[in-house]
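Structure first, then comments.
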Amino acid sequence: MSIPTTPFGAALDIASGLVSPEGPLQERRLSDLRGLYADEAAFEAAVADGDPLVYTVSAAPVPEEAGEVPFSITTIEPGDVAGELFMTKGHWHTAHEGEIYEGKAGRGGLLLFDGARTRWIDLSDGAVGYIPPGWAHRTVNTGDQPFRFLAVYPGAAGHDYERVLERGMGARVVRTQDGFELQEVAS
Ligand code: PAN
Ligand code: ZN
């Protein structure tokens with residue numbers, strides 16, 4: 001049986017990207033994103049050359065259960081693999097559940113894919129992004145500082161990473177001379 005949650009206020013430390021009181025802390029290194037970058041040779045070279053930290057997720061102590069509303073801060077480091085920007089793995093929710101993101105620091109955005117259509121929502125400057133049910137979502141650091149955002153989602157959402165590995169996100173986000181661009185990928 002799960003322990004009943006009690007009301008609490010949380011501090012979001014924007015300088016460190018940590019939520020307090022703290023729940024699970026996840027670290028994703030580049031090797032955790034195998035199969036997601038277009039340039040596999042550049043990917044393996046970067047993994048061999050130190051396997052850099054790509055993102056961390058600092059979650060509040062809220063269980064992933066129906067009725068609960070977990071929240072977390074994700075920090076994506078600046079960087080790229082042969083021009084393709086550092087990003088989260090991305091997932092579909094296994095249940096028909098949406099999510100809300102709010103940009104907190106740095107520059108970045110949300111790449112969304114419903115299996116046919118791709119959308120981009122900029123989360124820089126504190127923007128809020130709404131992820132409807134049925135849309136895969138991935139975030140990307142488009143700047144040169146850590147990009148941080150708050151995520152709030154239903155506890156019964158569930159996370160399907162396999163489908164993103166198999167089908168992609170419909171586009172890749174790539175560095176250009178004056179910023180970044182979305183490059184469409186046939187799915
Ligand atoms: C977010 C993500 C978080 C990390 O909390 O889980 O940003 O991204 P990946 O889960 O794709 O590695 C969320 O969307 N939760 O549902
Ligand atoms: Zn999600």
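Each chain in the structure tokens gets a letter, A, B, ..., in the order shown, and its residues are numbered from 1; ligands are numbered from 1 in order too.
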Per-residue nearest contacts of region 5-103 of chain A to region 144-168 of chain A (7 Å; only C-alpha atoms) as a tab-separated table:
residue	atom	partner	partner_atom	distance
A:Gly17	CA	A:Arg148	CA	6.8
A:Gly35	CA	A:Leu165	CA	6.6
A:Leu36	CA	A:Leu165	CA	6.4
A:Pro63	CA	A:Gly155	CA	6.8
A:Glu64	CA	A:Gly155	CA	4.2
A:Glu65	CA	A:Gly155	CA	4.4
A:Ala66	CA	A:Ala156	CA	4.5
A:Gly67	CA	A:Gly155	CA	6.3
A:Glu68	CA	A:Gly155	CA	4.9
A:Val69	CA	A:Pro154	CA	4.8
A:Pro70	CA	A:Tyr153	CA	5.8
A:Phe71	CA	A:Val152	CA	4.4
A:Ser72	CA	A:Ala151	CA	5.4
A:Ile73	CA	A:Leu150	CA	4.5
A:Thr74	CA	A:Arg148	CA	5.5
A:Thr75	CA	A:Arg148	CA	4.4
A:Ile76	CA	A:Phe147	CA	5.2
A:Glu77	CA	A:Pro146	CA	4.6
A:Pro78	CA	A:Asp144	CA	5.2
A:Gly90	CA	A:Tyr161	CA	6.6
A:His91	CA	A:Tyr161	CA	4.7
A:Trp92	CA	A:Asp160	CA	5.1
A:His93	CA	A:His159	CA	4.8
A:Thr94	CA	A:Gly158	CA	4.9
A:Ala95	CA	A:Ala157	CA	5.1
A:Glu97	CA	A:Ala157	CA	5.5
A:Gly98	CA	A:Tyr153	CA	6.8
A:Glu99	CA	A:Tyr153	CA	4.7
A:Ile100	CA	A:Val152	CA	5.4
A:Tyr101	CA	A:Ala151	CA	4.5
A:Glu102	CA	A:Leu150	CA	5.1
A:Gly103	CA	A:Phe149	CA	4.3
- Message: From a backbone DSSP assignment, name each residue in region 9-179 of chain A labelled strand (DSSP E), as a ChimeraX atom specification.
- Response: /A:11-13,18-20,25-29,53-59,71-76,80-81,84-85,99-105,108-113,118-122,128-131,136-141,147-152,171-176,179
For the residues selected in the previous step, produce a file with C-alpha atoms as a short mmCIF file (atom, residue, chain, number, x, y, z; two decimals), in the first residue's frame.
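So the final result, stored in selection-v7.cif, reads:
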data_model
loop_
_atom_site.label_atom_id
_atom_site.label_comp_id
_atom_site.auth_asym_id
_atom_site.auth_seq_id
_atom_site.Cartn_x
_atom_site.Cartn_y
_atom_site.Cartn_z
CA ALA A 11 11.32 25.41 -3.46
CA LEU A 12 12.56 25.38 -7.06
CA ASP A 13 16.22 26.41 -6.95
CA LEU A 18 16.96 21.14 -7.75
CA VAL A 19 13.52 20.75 -6.21
CA SER A 20 13.29 20.80 -2.40
CA LEU A 25 17.10 12.59 -9.11
CA GLN A 26 17.80 11.18 -12.58
CA GLU A 27 20.93 11.77 -14.65
CA ARG A 28 21.05 11.08 -18.36
CA ARG A 29 24.41 10.86 -20.06
CA LEU A 53 26.01 14.65 -18.96
CA VAL A 54 23.09 15.74 -21.17
CA TYR A 55 20.27 16.28 -18.66
CA THR A 56 19.10 15.81 -15.09
CA VAL A 57 15.58 15.54 -13.71
CA SER A 58 15.01 16.63 -10.10
CA ALA A 59 11.57 15.44 -8.98
CA PHE A 71 6.33 17.61 -10.83
CA SER A 72 10.00 18.02 -11.60
CA ILE A 73 12.65 20.35 -12.97
CA THR A 74 14.64 19.16 -15.97
CA THR A 75 17.99 20.76 -16.77
CA ILE A 76 19.42 20.20 -20.25
CA ASP A 80 25.24 19.07 -29.64
CA VAL A 81 26.18 15.93 -31.54
CA GLU A 84 22.01 18.16 -33.46
CA LEU A 85 21.26 19.88 -30.16
CA GLU A 99 1.18 17.69 -19.34
CA ILE A 100 2.29 21.27 -18.71
CA TYR A 101 5.84 22.63 -19.01
CA GLU A 102 7.05 26.06 -17.92
CA GLY A 103 10.40 27.50 -18.98
CA LYS A 104 12.50 28.56 -15.97
CA ALA A 105 16.01 29.44 -17.22
CA GLY A 108 14.91 25.97 -25.28
CA GLY A 109 11.71 24.50 -26.54
CA LEU A 110 9.34 21.59 -26.89
CA LEU A 111 9.21 19.35 -29.93
CA LEU A 112 5.83 17.59 -30.22
CA PHE A 113 4.78 14.76 -32.55
CA THR A 118 5.26 17.97 -35.67
CA ARG A 119 4.96 21.15 -33.59
CA TRP A 120 7.49 23.40 -31.86
CA ILE A 121 6.76 25.52 -28.77
CA ASP A 122 9.45 27.89 -27.53
CA VAL A 128 4.26 27.72 -20.75
CA GLY A 129 3.82 24.81 -23.15
CA TYR A 130 0.69 22.67 -23.21
CA ILE A 131 1.16 19.05 -24.26
CA ALA A 136 5.04 12.62 -27.95
CA HIS A 137 7.23 15.31 -26.40
CA ARG A 138 10.93 16.07 -26.24
CA THR A 139 12.72 19.22 -25.05
CA VAL A 140 15.81 20.76 -26.62
CA ASN A 141 18.39 23.25 -25.34
CA PHE A 147 18.03 25.21 -20.08
CA ARG A 148 15.64 24.47 -17.19
CA PHE A 149 11.90 23.87 -17.15
CA LEU A 150 9.21 22.73 -14.74
CA ALA A 151 7.03 19.77 -15.76
CA VAL A 152 3.68 18.93 -14.10
CA ALA A 171 11.95 16.41 -36.96
CA ARG A 172 15.45 17.03 -35.65
CA VAL A 173 16.57 20.29 -34.04
CA VAL A 174 19.88 21.41 -35.47
CA ARG A 175 22.26 24.30 -34.80
CA THR A 176 22.60 26.92 -37.56
CA GLY A 179 20.48 29.89 -34.01
#
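For the pair CA of Ala82 (chain A) and CA of Gly143 (chain A), the separation is 15.6 Å.
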- Message: I need the residue nearest ligand 1 from this list: A:Ala186, A:Ala48, A:Ala127, A:Met87. Use only C-alpha atoms and all ligand atoms for the distance.
- Response: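 Result for the nearest residue to ligand 1: A:Met87.
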- Task: Extract the full set of alpha helix (DSSP H) residues from region 3-150 of chain A according to DSSP on the backbone, and format it as a PyMOL selection string.
- Result: chain A and resi 40-48
- Task: Have a look at A:Thr88, A:Glu22, A:Asp49, A:Asp125 and name the one nearest to ligand 1; count only C-alpha atoms and all ligand atoms.
- Result: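 Smallest separation from ligand 1 among the options: A:Thr88.
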